[in-house]
Structure formats: C-alpha cells, structure tokens
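Peer 1: Sharing input-v6.txt, compact mmCIF, C-alpha atoms:
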# COMPACT_ATOMS: atom_id res chain seq x y z
CA MET A 341 -9.28 -7.59 -23.76
CA THR A 342 -10.41 -10.59 -21.73
CA LYS A 343 -13.47 -10.60 -19.49
CA ASN A 344 -11.58 -9.89 -16.25
CA THR A 345 -8.67 -7.50 -16.57
CA LEU A 346 -6.74 -6.13 -13.63
CA GLY A 347 -5.79 -2.47 -13.78
CA VAL A 348 -2.70 -1.66 -11.73
CA LEU A 349 -2.15 1.97 -10.82
CA GLY A 350 1.52 2.40 -10.08
CA GLY A 351 4.47 4.71 -10.34
CA MET A 352 4.30 5.53 -6.62
CA GLY A 353 7.19 4.45 -6.65
CA PRO A 354 7.83 2.97 -10.05
CA LEU A 355 9.70 -0.10 -8.85
CA ALA A 356 6.93 -1.04 -6.41
CA SER A 357 4.40 -1.44 -9.21
CA ALA A 358 6.92 -3.14 -11.49
CA GLU A 359 7.66 -5.65 -8.73
CA PHE A 360 3.93 -6.14 -8.15
CA ILE A 361 3.40 -7.10 -11.81
CA LYS A 362 6.41 -9.43 -11.67
CA THR A 363 5.07 -11.10 -8.52
CA LEU A 364 1.57 -11.36 -9.99
CA TYR A 365 2.91 -13.45 -12.86
CA GLU A 366 5.33 -15.47 -10.75
CA PHE A 367 2.42 -16.70 -8.62
CA ASN A 368 -0.11 -17.10 -11.42
CA MET A 369 1.69 -18.93 -14.19
CA SER A 370 0.38 -22.24 -15.45
CA GLU A 371 1.42 -24.64 -18.20
CA LYS A 372 0.20 -22.20 -20.85
CA GLU A 373 1.05 -18.52 -20.72
CA GLN A 374 -2.33 -17.80 -22.32
CA HIS A 375 -3.95 -18.73 -18.98
CA ALA A 376 -2.03 -16.05 -17.04
CA PRO A 377 -3.99 -13.01 -15.82
CA ALA A 378 -4.56 -10.07 -18.13
CA CYS A 379 -3.52 -6.75 -16.63
CA LEU A 380 -2.89 -3.16 -17.53
CA LEU A 381 -0.23 -1.07 -15.79
CA TYR A 382 -0.68 2.68 -15.54
CA SER A 383 2.59 3.92 -14.04
CA ASP A 384 2.70 7.63 -13.28
CA PRO A 385 5.57 8.75 -11.04
CA SER A 386 4.45 12.39 -11.39
CA ILE A 387 1.53 11.93 -8.97
CA PRO A 388 2.41 14.25 -6.05
CA ASP A 389 3.78 12.83 -2.81
CA ARG A 390 0.92 11.23 -0.87
CA THR A 391 2.40 11.81 2.59
CA GLU A 392 2.95 15.52 1.90
CA ALA A 393 -0.65 15.83 0.69
CA ILE A 394 -2.08 14.04 3.73
CA LEU A 395 0.00 15.94 6.30
CA SER A 396 -0.62 19.34 4.68
CA ARG A 397 -4.34 18.51 4.21
CA ARG A 398 -4.01 19.45 0.53
CA THR A 399 -5.45 16.25 -0.82
CA ALA A 400 -7.61 17.44 -3.73
CA VAL A 401 -4.92 17.30 -6.43
CA VAL A 402 -3.69 13.83 -5.45
CA SER A 403 -7.22 12.49 -5.11
CA HIS A 404 -8.13 13.86 -8.54
CA ARG A 405 -5.01 12.41 -10.19
CA ILE A 406 -5.60 8.95 -8.72
CA LEU A 407 -9.27 8.95 -9.69
CA GLU A 408 -8.53 10.08 -13.25
CA ALA A 409 -5.89 7.35 -13.61
CA LEU A 410 -8.38 4.71 -12.45
CA LYS A 411 -10.96 6.03 -14.91
CA SER A 412 -8.36 5.79 -17.68
CA LEU A 413 -7.65 2.17 -16.75
CA ARG A 414 -11.38 1.44 -16.77
CA SER A 415 -11.78 3.03 -20.23
CA GLN A 416 -9.08 0.64 -21.48
CA GLY A 417 -10.95 -2.40 -20.18
CA ALA A 418 -9.87 -2.85 -16.55
CA THR A 419 -12.60 -4.49 -14.47
CA HIS A 420 -10.77 -4.39 -11.12
CA PHE A 421 -8.00 -2.22 -9.74
CA VAL A 422 -4.98 -2.48 -7.49
CA ILE A 423 -3.31 0.74 -6.37
CA ALA A 424 0.32 -0.16 -5.74
CA CYS A 425 0.76 2.48 -3.05
CA ILE A 426 -0.52 1.96 0.48
CA SER A 427 -0.65 5.71 1.24
CA SER A 428 -2.94 6.21 -1.77
CA HIS A 429 -5.62 4.13 -0.08
CA TYR A 430 -6.23 7.17 2.14
CA PHE A 431 -7.77 8.96 -0.83
CA ILE A 432 -10.27 6.35 -2.06
CA HIS A 433 -12.98 6.80 0.58
CA ASP A 434 -14.74 9.56 -1.36
CA PHE A 435 -14.43 7.99 -4.80
CA PRO A 436 -17.60 7.07 -6.73
CA LYS A 437 -19.03 3.76 -5.52
CA ALA A 438 -18.53 2.00 -8.87
CA ILE A 439 -14.79 2.77 -8.78
CA LYS A 440 -14.36 2.17 -5.06
CA ASP A 441 -16.10 -1.20 -5.20
CA SER A 442 -13.72 -2.31 -7.99
CA ILE A 443 -10.56 -1.60 -5.95
CA ILE A 444 -8.81 -4.57 -4.37
CA SER A 445 -7.66 -2.95 -1.13
CA LEU A 446 -4.08 -3.77 -0.18
CA VAL A 447 -4.93 -2.46 3.29
CA GLU A 448 -7.68 -5.06 3.60
CA VAL A 449 -5.38 -7.79 2.31
CA ALA A 450 -2.81 -6.86 4.98
CA LEU A 451 -5.39 -6.67 7.77
CA ARG A 452 -6.80 -10.09 6.86
CA GLU A 453 -3.28 -11.51 7.08
CA VAL A 454 -2.87 -9.95 10.53
CA GLN A 455 -6.21 -11.46 11.59
CA ALA A 456 -5.01 -14.92 10.59
CA PHE A 457 -1.52 -14.51 12.09
CA PRO A 458 -1.14 -16.00 15.59
CA GLY A 459 1.11 -13.23 16.97
CA ASN A 460 1.29 -9.44 17.07
CA CYS A 461 2.64 -7.23 14.28
CA LEU A 462 4.18 -3.76 14.06
CA LEU A 463 3.17 -1.43 11.24
CA LEU A 464 6.09 -0.08 9.21
CA ALA A 465 4.61 2.72 7.12
CA THR A 466 5.05 6.34 6.13
CA THR A 467 3.91 9.02 8.52
CA GLY A 468 1.21 9.96 6.00
CA THR A 469 -0.23 6.46 6.21
CA VAL A 470 -0.09 6.46 10.01
CA GLN A 471 -1.37 9.99 10.66
CA GLY A 472 -3.98 9.63 7.92
CA GLN A 473 -5.15 6.48 9.76
CA THR A 474 -5.23 4.56 6.51
CA PHE A 475 -5.26 1.24 8.40
CA GLN A 476 -7.20 2.41 11.46
CA ARG A 477 -10.14 3.68 9.38
CA HIS A 478 -10.69 0.30 7.73
CA PRO A 479 -13.74 -1.62 9.04
CA LEU A 480 -11.52 -4.60 9.97
CA TRP A 481 -9.35 -2.54 12.33
CA ASP A 482 -11.49 -3.02 15.44
CA SER A 483 -11.58 -6.79 14.97
CA LEU A 484 -7.79 -7.01 15.34
CA ASN A 485 -7.93 -6.40 19.10
CA GLY A 486 -4.58 -4.64 19.17
CA LYS A 487 -2.70 -7.23 17.08
CA LEU A 488 -1.38 -4.53 14.73
CA ILE A 489 0.65 -2.02 16.72
CA ILE A 490 1.26 1.56 15.64
CA PRO A 491 4.78 2.77 16.60
CA GLU A 492 5.30 5.61 19.07
CA GLU A 493 6.03 9.01 17.53
CA HIS A 494 9.83 8.82 17.85
CA ASP A 495 9.98 5.36 16.31
CA GLN A 496 7.53 6.38 13.59
CA THR A 497 9.88 9.18 12.60
CA LEU A 498 12.77 6.70 12.35
CA ILE A 499 10.67 4.36 10.20
CA HIS A 500 9.41 7.16 7.95
CA ASN A 501 12.93 8.52 7.42
CA PHE A 502 14.24 5.04 6.64
CA ILE A 503 11.51 4.52 4.01
CA TYR A 504 12.27 7.87 2.34
CA GLN A 505 16.07 7.66 2.58
CA HIS A 506 16.58 4.00 1.72
CA ILE A 507 13.48 2.24 0.40
CA LYS A 508 11.96 4.81 -1.98
CA PRO A 509 15.27 5.60 -3.71
CA ASN A 510 15.81 1.82 -4.09
CA ARG A 511 18.90 1.62 -1.94
CA SER A 512 18.89 -2.07 -1.09
CA VAL A 513 19.83 -1.66 2.55
CA VAL A 514 17.98 -3.42 5.32
CA ASP A 515 18.72 -1.92 8.73
CA GLU A 516 18.53 -5.09 10.76
CA THR A 517 19.55 -3.16 13.88
CA LEU A 518 16.47 -0.95 13.62
CA LEU A 519 14.18 -3.90 12.91
CA LYS A 520 15.60 -5.97 15.75
CA SER A 521 15.27 -3.10 18.23
CA LEU A 522 11.67 -2.43 17.15
CA LYS A 523 10.80 -6.11 17.39
CA GLN A 524 12.20 -6.30 20.90
CA LYS A 525 10.70 -3.02 22.11
CA TYR A 526 7.18 -3.75 20.88
CA LYS A 527 7.35 -7.52 21.54
CA VAL A 528 6.03 -8.37 18.08
CA ASP A 529 6.40 -11.51 16.00
CA ALA A 530 6.26 -9.86 12.57
CA PHE A 531 6.08 -6.58 10.68
CA VAL A 532 3.43 -5.30 8.29
CA ALA A 533 5.06 -3.48 5.39
CA GLY A 534 2.67 -0.56 5.06
CA CYS A 535 4.58 0.91 2.12
CA THR A 536 4.50 -0.93 -1.21
CA GLU A 537 8.18 -0.38 -1.96
Now that the file is in, can you turn its structure into structure tokens?
Peer 2:
Amino acid sequence: MTKNTLGVLGGMGPLASAEFIKTLYEFNMSEKEQHAPACLLYSDPSIPDRTEAILSRRTAVVSHRILEALKSLRSQGATHFVIACISSHYFIHDFPKAIKDSIISLVEVALREVQAFPGNCLLLATTGTVQGQTFQRHPLWDSLNGKLIIPEEHDQTLIHNFIYQHIKPNRSVVDETLLKSLKQKYKVDAFVAGCTE
C-alpha cells in the first residue's frame, strides 16, 4: 500500500460509490497510471437506511456499522476516508477523533462550493439529511448567510420521494418540470445535490 491511500465507504447506494471511484480516476489520471491515487472501496449495501434511522431516532446500529467499516478500511491501510453517502455524515459527529479527523467531509466540500458561488442554491436532499440538519450543523453553515436554501416541507416531500422513487433505484429520469418549478419558486441559480446518487 502506498503512503496515502483513500478509503471509500460506499454501497449506500452501490452505484453512487462506483461512480465516485470512476470520477476520482477520470480527474486524477496522468501520463502514467502508476501516478493515479491509491484507494480502497468498501461497498456494503446492507447498511440500514440512513433516513429511516435518523427519523426514527434509532441511529445506534447505523452508526456502529459505519464506524466498523471505516475501521476495517483503516486496518487495510486507508489513511483518509470518503463516505459516499451524504446522509451518513449525520452519524460521524460522535466518532473517535482519529477517525473523524481522517474523513473528507462531502458536506464541507459542498458548503465551500456554495460559499464560492455568486448566487443562491437550493438543497436537494433526503428528508433524513434535512431533518437531521446534516448541513445546518456544520461549522460553515452560518457563514453562508442564507445562500443555501432548505425547501419548505411540501417541496421537501416531493424531493425526497423523487430521490427514493427515481434516483436510488437508478431510473435515469430527470424531472425537469420539478427542477424548473423549484428554481423559479425559490429564485435560486443552482442546486446542491445533497444525495450522492
């Protein structure tokens, strides 16, 4: 194993983490393949649904499964981690410091992009991510000054249902009508995809 090895915890859903690995290499290839990043993928689709755990407040099993998977990646040589599931970032706050400090937060990456973006954005995420305040609890949230908008309850339900009915089962359907109406209603310039699928 090389000195720096990225551990990717995926399977939530499986295609999201597979696409992440594909994208990682597409953007990090050089003249020699030997210079590409070293990474390990731990894909476990059996990890229970994160939204259900957050909304039911039964988070212990999911938290334990994620932590054990990260420990397994570390034992195999991973020095840093990416969890290819935005909702899973809800669970990392109580992880041991050594593990938590090694996680590259996709929530932070998204919030930094919003900071740098000149316009306003609407969050498109599962209800677990929204109600669990996965983005709002991040230290960068207050610095956004309202640039990342959380949908109203009715619209959040539409977004959540769309993610579960179309995105998670990998039905390649983009409801442009829904996106256009949300963009117009909230007067935003872009969307933040708060679900890794």
Peer 1: Looking at all atoms listed in the file, which of A:Ile444, A:Val454, A:Leu381, A:Cys425 is the one that sits closest to A:Cys535?
Peer 2: A:Cys425
Peer 1: Excluding same-chain residues fewer than 6 positions from stretch 388-401 of chain A, what lies within 7 Å of it counting all atoms listed in the file, as a list in words?
Peer 2: Ser427, Ser428, Thr467, Gly468, Thr469 and Gly472 of chain A
Peer 1: Quick check, in Å to one decimal: how far apart do atom CA of A:Leu451 and atom CA of A:Tyr526 lie?
Peer 2: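 Rounded to one decimal, the two atoms are 18.4 Å apart.
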Peer 1: Quick one: pull the distance between atom CA of A:Ser442 and atom CA of A:Val422, Å, one decimal.
Peer 2: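 Going from atom CA of A:Ser442 over to atom CA of A:Val422, I get 8.8 Å.
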Peer 1: Rounded to one decimal, what separation in Å do you get between atom CA of A:Arg477 and atom CA of A:Ser403?
Peer 2: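 These two atoms are separated by 17.2 Å.
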Peer 1: With distances taken over all atoms listed in the file, which residue among A:Asn344, A:Ser521, A:Gln473, A:Ser357 lies nearest A:His375?
Peer 2: A:Asn344
Peer 1: Find the spatial neighbours of A:Leu484, counting all atoms listed in the file, within a cut-off of 10 Å - ignore same-chain residues fewer than 3 positions away - and output them as a PDB file with C-alpha atoms, in the coordinates of the input.
Peer 2:
ATOM      1  CA  LEU A 451      -5.390  -6.670   7.770  1.00  0.00           C
ATOM      2  CA  ARG A 452      -6.800 -10.090   6.860  1.00  0.00           C
ATOM      3  CA  VAL A 454      -2.870  -9.950  10.530  1.00  0.00           C
ATOM      4  CA  GLN A 455      -6.210 -11.460  11.590  1.00  0.00           C
ATOM      5  CA  ALA A 456      -5.010 -14.920  10.590  1.00  0.00           C
ATOM      6  CA  ASN A 460       1.290  -9.440  17.070  1.00  0.00           C
ATOM      7  CA  LEU A 480     -11.520  -4.600   9.970  1.00  0.00           C
ATOM      8  CA  TRP A 481      -9.350  -2.540  12.330  1.00  0.00           C
ATOM      9  CA  LYS A 487      -2.700  -7.230  17.080  1.00  0.00           C
ATOM     10  CA  LEU A 488      -1.380  -4.530  14.730  1.00  0.00           C
ATOM     11  CA  ILE A 489       0.650  -2.020  16.720  1.00  0.00           C
TER      12      ILE A 489
END
Peer 1: Select, from A:Ala424, A:Leu446, A:Met369, A:Leu349, the residue with the minimum atom-to-atom distance to A:Ile406, counting only C-alpha atoms.
Peer 2: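 Nearest candidate to A:Ile406 out of A:Ala424, A:Leu446, A:Met369, A:Leu349: A:Leu349.
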Peer 1: Just the residues within 9 Å of A:Pro509, please, counting only C-alpha atoms, with nothing from its chain fewer than 5 positions along; format it as a list in words.
Peer 2: Gly353, Ile503 and Tyr504 of chain A
Peer 1: Measuring atom to atom with all atoms listed in the file, identify which of A:Leu410, A:Ile499, A:Ala358, A:Ala376 is nearest to A:Thr466.
Peer 2: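 The shortest atom-to-atom distance to A:Thr466 comes from A:Ile499.
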Peer 1: Which is closer to A:Ser415 than all the others in A:Gly347, A:Gly486, A:Pro436, A:Pro458, using only C-alpha atoms?
Peer 2: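 For A:Ser415, the nearest of the candidates is A:Gly347.
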Peer 1: (-15.5, 10.1, -6.0) in this file's frame - what residues fall within 12 Å of it? Use only C-alpha atoms and give the answer as a list in words.
Peer 2: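 Within the cut-off we find Ala400, Ser403, His404, Arg405, Ile406, Leu407, Glu408, Leu410, Lys411, Phe431, Ile432, His433, Asp434, Phe435, Pro436, Lys437, Ala438, Ile439, Lys440 and Asp441 of chain A.
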Peer 1: Keeping only C-alpha atoms, write those residues as a PDB file, keeping the file's coordinate frame.
Peer 2:
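Wrote it out as result08.pdb, contents follow:
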ATOM      1  CA  ALA A 400      -7.610  17.440  -3.730  1.00  0.00           C
ATOM      2  CA  SER A 403      -7.220  12.490  -5.110  1.00  0.00           C
ATOM      3  CA  HIS A 404      -8.130  13.860  -8.540  1.00  0.00           C
ATOM      4  CA  ARG A 405      -5.010  12.410 -10.190  1.00  0.00           C
ATOM      5  CA  ILE A 406      -5.600   8.950  -8.720  1.00  0.00           C
ATOM      6  CA  LEU A 407      -9.270   8.950  -9.690  1.00  0.00           C
ATOM      7  CA  GLU A 408      -8.530  10.080 -13.250  1.00  0.00           C
ATOM      8  CA  LEU A 410      -8.380   4.710 -12.450  1.00  0.00           C
ATOM      9  CA  LYS A 411     -10.960   6.030 -14.910  1.00  0.00           C
ATOM     10  CA  PHE A 431      -7.770   8.960  -0.830  1.00  0.00           C
ATOM     11  CA  ILE A 432     -10.270   6.350  -2.060  1.00  0.00           C
ATOM     12  CA  HIS A 433     -12.980   6.800   0.580  1.00  0.00           C
ATOM     13  CA  ASP A 434     -14.740   9.560  -1.360  1.00  0.00           C
ATOM     14  CA  PHE A 435     -14.430   7.990  -4.800  1.00  0.00           C
ATOM     15  CA  PRO A 436     -17.600   7.070  -6.730  1.00  0.00           C
ATOM     16  CA  LYS A 437     -19.030   3.760  -5.520  1.00  0.00           C
ATOM     17  CA  ALA A 438     -18.530   2.000  -8.870  1.00  0.00           C
ATOM     18  CA  ILE A 439     -14.790   2.770  -8.780  1.00  0.00           C
ATOM     19  CA  LYS A 440     -14.360   2.170  -5.060  1.00  0.00           C
ATOM     20  CA  ASP A 441     -16.100  -1.200  -5.200  1.00  0.00           C
TER      21      ASP A 441
END
Peer 1: Nearest to A:Val532 among A:Val470, A:Leu519, A:Leu462, A:Ser483, with distances taken over all atoms listed in the file: which residue is it?
Peer 2: A:Leu462
Peer 1: Could you please give me, as a PDB file with C-alpha atoms, keeping the file's coordinate frame, the residues of protein, DNA or RNA lying at most 9 Å from (-0.6, -3.1, 4.7) in the coordinate frame of the file, considering all atoms listed in the file?
Peer 2:
ATOM      1  CA  ILE A 426      -0.520   1.960   0.480  1.00  0.00           C
ATOM      2  CA  LEU A 446      -4.080  -3.770  -0.180  1.00  0.00           C
ATOM      3  CA  VAL A 447      -4.930  -2.460   3.290  1.00  0.00           C
ATOM      4  CA  GLU A 448      -7.680  -5.060   3.600  1.00  0.00           C
ATOM      5  CA  VAL A 449      -5.380  -7.790   2.310  1.00  0.00           C
ATOM      6  CA  ALA A 450      -2.810  -6.860   4.980  1.00  0.00           C
ATOM      7  CA  LEU A 451      -5.390  -6.670   7.770  1.00  0.00           C
ATOM      8  CA  LEU A 463       3.170  -1.430  11.240  1.00  0.00           C
ATOM      9  CA  LEU A 464       6.090  -0.080   9.210  1.00  0.00           C
ATOM     10  CA  ALA A 465       4.610   2.720   7.120  1.00  0.00           C
ATOM     11  CA  PHE A 475      -5.260   1.240   8.400  1.00  0.00           C
ATOM     12  CA  VAL A 532       3.430  -5.300   8.290  1.00  0.00           C
ATOM     13  CA  ALA A 533       5.060  -3.480   5.390  1.00  0.00           C
ATOM     14  CA  GLY A 534       2.670  -0.560   5.060  1.00  0.00           C
ATOM     15  CA  CYS A 535       4.580   0.910   2.120  1.00  0.00           C
ATOM     16  CA  THR A 536       4.500  -0.930  -1.210  1.00  0.00           C
TER      17      THR A 536
END
Peer 1: Export all heavy atoms of stretch 393-404 of chain A from the structure just given, as a PDB file, in the first residue's frame?
Peer 2:
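Result file out10.pdb:
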ATOM      1  N   ALA A 393     -33.263   5.615   9.931  1.00  0.00           N
ATOM      2  CA  ALA A 393     -32.598   5.644  11.236  1.00  0.00           C
ATOM      3  C   ALA A 393     -32.667   7.036  11.859  1.00  0.00           C
ATOM      4  O   ALA A 393     -32.944   7.179  13.055  1.00  0.00           O
ATOM      5  CB  ALA A 393     -31.146   5.202  11.097  1.00  0.00           C
ATOM      6  N   ILE A 394     -32.430   8.061  11.061  1.00  0.00           N
ATOM      7  CA  ILE A 394     -32.442   9.433  11.585  1.00  0.00           C
ATOM      8  C   ILE A 394     -33.849   9.820  12.026  1.00  0.00           C
ATOM      9  O   ILE A 394     -34.041  10.340  13.138  1.00  0.00           O
ATOM     10  CB  ILE A 394     -31.922  10.418  10.517  1.00  0.00           C
ATOM     11  CG1 ILE A 394     -30.436  10.182  10.246  1.00  0.00           C
ATOM     12  CG2 ILE A 394     -32.151  11.874  10.961  1.00  0.00           C
ATOM     13  CD1 ILE A 394     -29.906  10.873   9.000  1.00  0.00           C
ATOM     14  N   LEU A 395     -34.842   9.560  11.191  1.00  0.00           N
ATOM     15  CA  LEU A 395     -36.211   9.979  11.510  1.00  0.00           C
ATOM     16  C   LEU A 395     -36.805   9.195  12.671  1.00  0.00           C
ATOM     17  O   LEU A 395     -37.600   9.736  13.447  1.00  0.00           O
ATOM     18  CB  LEU A 395     -37.101   9.849  10.269  1.00  0.00           C
ATOM     19  CG  LEU A 395     -36.716  10.738   9.077  1.00  0.00           C
ATOM     20  CD1 LEU A 395     -37.702  10.542   7.928  1.00  0.00           C
ATOM     21  CD2 LEU A 395     -36.650  12.203   9.477  1.00  0.00           C
ATOM     22  N   SER A 396     -36.425   7.934  12.815  1.00  0.00           N
ATOM     23  CA  SER A 396     -36.935   7.117  13.929  1.00  0.00           C
ATOM     24  C   SER A 396     -36.105   7.283  15.204  1.00  0.00           C
ATOM     25  O   SER A 396     -36.451   6.763  16.242  1.00  0.00           O
ATOM     26  CB  SER A 396     -36.954   5.638  13.533  1.00  0.00           C
ATOM     27  OG  SER A 396     -35.631   5.146  13.383  1.00  0.00           O
ATOM     28  N   ARG A 397     -34.980   8.004  15.077  1.00  0.00           N
ATOM     29  CA  ARG A 397     -34.036   8.203  16.191  1.00  0.00           C
ATOM     30  C   ARG A 397     -33.447   6.877  16.680  1.00  0.00           C
ATOM     31  O   ARG A 397     -33.088   6.735  17.844  1.00  0.00           O
ATOM     32  CB  ARG A 397     -34.680   8.966  17.350  1.00  0.00           C
ATOM     33  CG  ARG A 397     -35.163  10.344  16.938  1.00  0.00           C
ATOM     34  CD  ARG A 397     -35.826  11.055  18.089  1.00  0.00           C
ATOM     35  NE  ARG A 397     -36.570  12.199  17.619  1.00  0.00           N
ATOM     36  CZ  ARG A 397     -36.093  13.427  17.540  1.00  0.00           C
ATOM     37  NH1 ARG A 397     -34.849  13.662  17.875  1.00  0.00           N
ATOM     38  NH2 ARG A 397     -36.847  14.420  17.132  1.00  0.00           N
ATOM     39  N   ARG A 398     -33.350   5.916  15.772  1.00  0.00           N
ATOM     40  CA  ARG A 398     -32.693   4.643  16.076  1.00  0.00           C
ATOM     41  C   ARG A 398     -31.401   4.606  15.279  1.00  0.00           C
ATOM     42  O   ARG A 398     -31.306   3.921  14.258  1.00  0.00           O
ATOM     43  CB  ARG A 398     -33.603   3.484  15.697  1.00  0.00           C
ATOM     44  CG  ARG A 398     -34.880   3.444  16.518  1.00  0.00           C
ATOM     45  CD  ARG A 398     -35.733   2.252  16.153  1.00  0.00           C
ATOM     46  NE  ARG A 398     -36.998   2.318  16.849  1.00  0.00           N
ATOM     47  CZ  ARG A 398     -38.159   1.988  16.324  1.00  0.00           C
ATOM     48  NH1 ARG A 398     -38.221   1.538  15.087  1.00  0.00           N
ATOM     49  NH2 ARG A 398     -39.269   2.068  17.028  1.00  0.00           N
ATOM     50  N   THR A 399     -30.427   5.343  15.761  1.00  0.00           N
ATOM     51  CA  THR A 399     -29.215   5.564  14.983  1.00  0.00           C
ATOM     52  C   THR A 399     -28.050   4.654  15.374  1.00  0.00           C
ATOM     53  O   THR A 399     -27.055   4.597  14.659  1.00  0.00           O
ATOM     54  CB  THR A 399     -28.767   7.027  15.124  1.00  0.00           C
ATOM     55  OG1 THR A 399     -28.541   7.303  16.513  1.00  0.00           O
ATOM     56  CG2 THR A 399     -29.833   7.986  14.585  1.00  0.00           C
ATOM     57  N   ALA A 400     -28.169   3.952  16.488  1.00  0.00           N
ATOM     58  CA  ALA A 400     -27.025   3.207  17.029  1.00  0.00           C
ATOM     59  C   ALA A 400     -26.500   2.153  16.049  1.00  0.00           C
ATOM     60  O   ALA A 400     -25.284   2.027  15.859  1.00  0.00           O
ATOM     61  CB  ALA A 400     -27.390   2.564  18.364  1.00  0.00           C
ATOM     62  N   VAL A 401     -27.399   1.394  15.432  1.00  0.00           N
ATOM     63  CA  VAL A 401     -26.964   0.310  14.541  1.00  0.00           C
ATOM     64  C   VAL A 401     -26.240   0.878  13.324  1.00  0.00           C
ATOM     65  O   VAL A 401     -25.160   0.400  12.944  1.00  0.00           O
ATOM     66  CB  VAL A 401     -28.167  -0.561  14.096  1.00  0.00           C
ATOM     67  CG1 VAL A 401     -27.752  -1.533  13.001  1.00  0.00           C
ATOM     68  CG2 VAL A 401     -28.736  -1.321  15.286  1.00  0.00           C
ATOM     69  N   VAL A 402     -26.809   1.920  12.713  1.00  0.00           N
ATOM     70  CA  VAL A 402     -26.189   2.509  11.528  1.00  0.00           C
ATOM     71  C   VAL A 402     -24.840   3.122  11.888  1.00  0.00           C
ATOM     72  O   VAL A 402     -23.846   2.928  11.180  1.00  0.00           O
ATOM     73  CB  VAL A 402     -27.113   3.565  10.888  1.00  0.00           C
ATOM     74  CG1 VAL A 402     -26.422   4.258   9.722  1.00  0.00           C
ATOM     75  CG2 VAL A 402     -28.409   2.908  10.416  1.00  0.00           C
ATOM     76  N   SER A 403     -24.805   3.847  12.989  1.00  0.00           N
ATOM     77  CA  SER A 403     -23.556   4.472  13.431  1.00  0.00           C
ATOM     78  C   SER A 403     -22.472   3.418  13.651  1.00  0.00           C
ATOM     79  O   SER A 403     -21.324   3.583  13.218  1.00  0.00           O
ATOM     80  CB  SER A 403     -23.805   5.260  14.717  1.00  0.00           C
ATOM     81  OG  SER A 403     -22.643   5.916  15.133  1.00  0.00           O
ATOM     82  N   HIS A 404     -22.843   2.325  14.298  1.00  0.00           N
ATOM     83  CA  HIS A 404     -21.892   1.236  14.571  1.00  0.00           C
ATOM     84  C   HIS A 404     -21.390   0.621  13.268  1.00  0.00           C
ATOM     85  O   HIS A 404     -20.182   0.388  13.103  1.00  0.00           O
ATOM     86  CB  HIS A 404     -22.555   0.173  15.440  1.00  0.00           C
ATOM     87  CG  HIS A 404     -21.706  -1.034  15.665  1.00  0.00           C
ATOM     88  ND1 HIS A 404     -20.619  -1.038  16.516  1.00  0.00           N
ATOM     89  CD2 HIS A 404     -21.761  -2.282  15.119  1.00  0.00           C
ATOM     90  CE1 HIS A 404     -20.043  -2.234  16.498  1.00  0.00           C
ATOM     91  NE2 HIS A 404     -20.710  -2.999  15.664  1.00  0.00           N
TER      92      HIS A 404
END
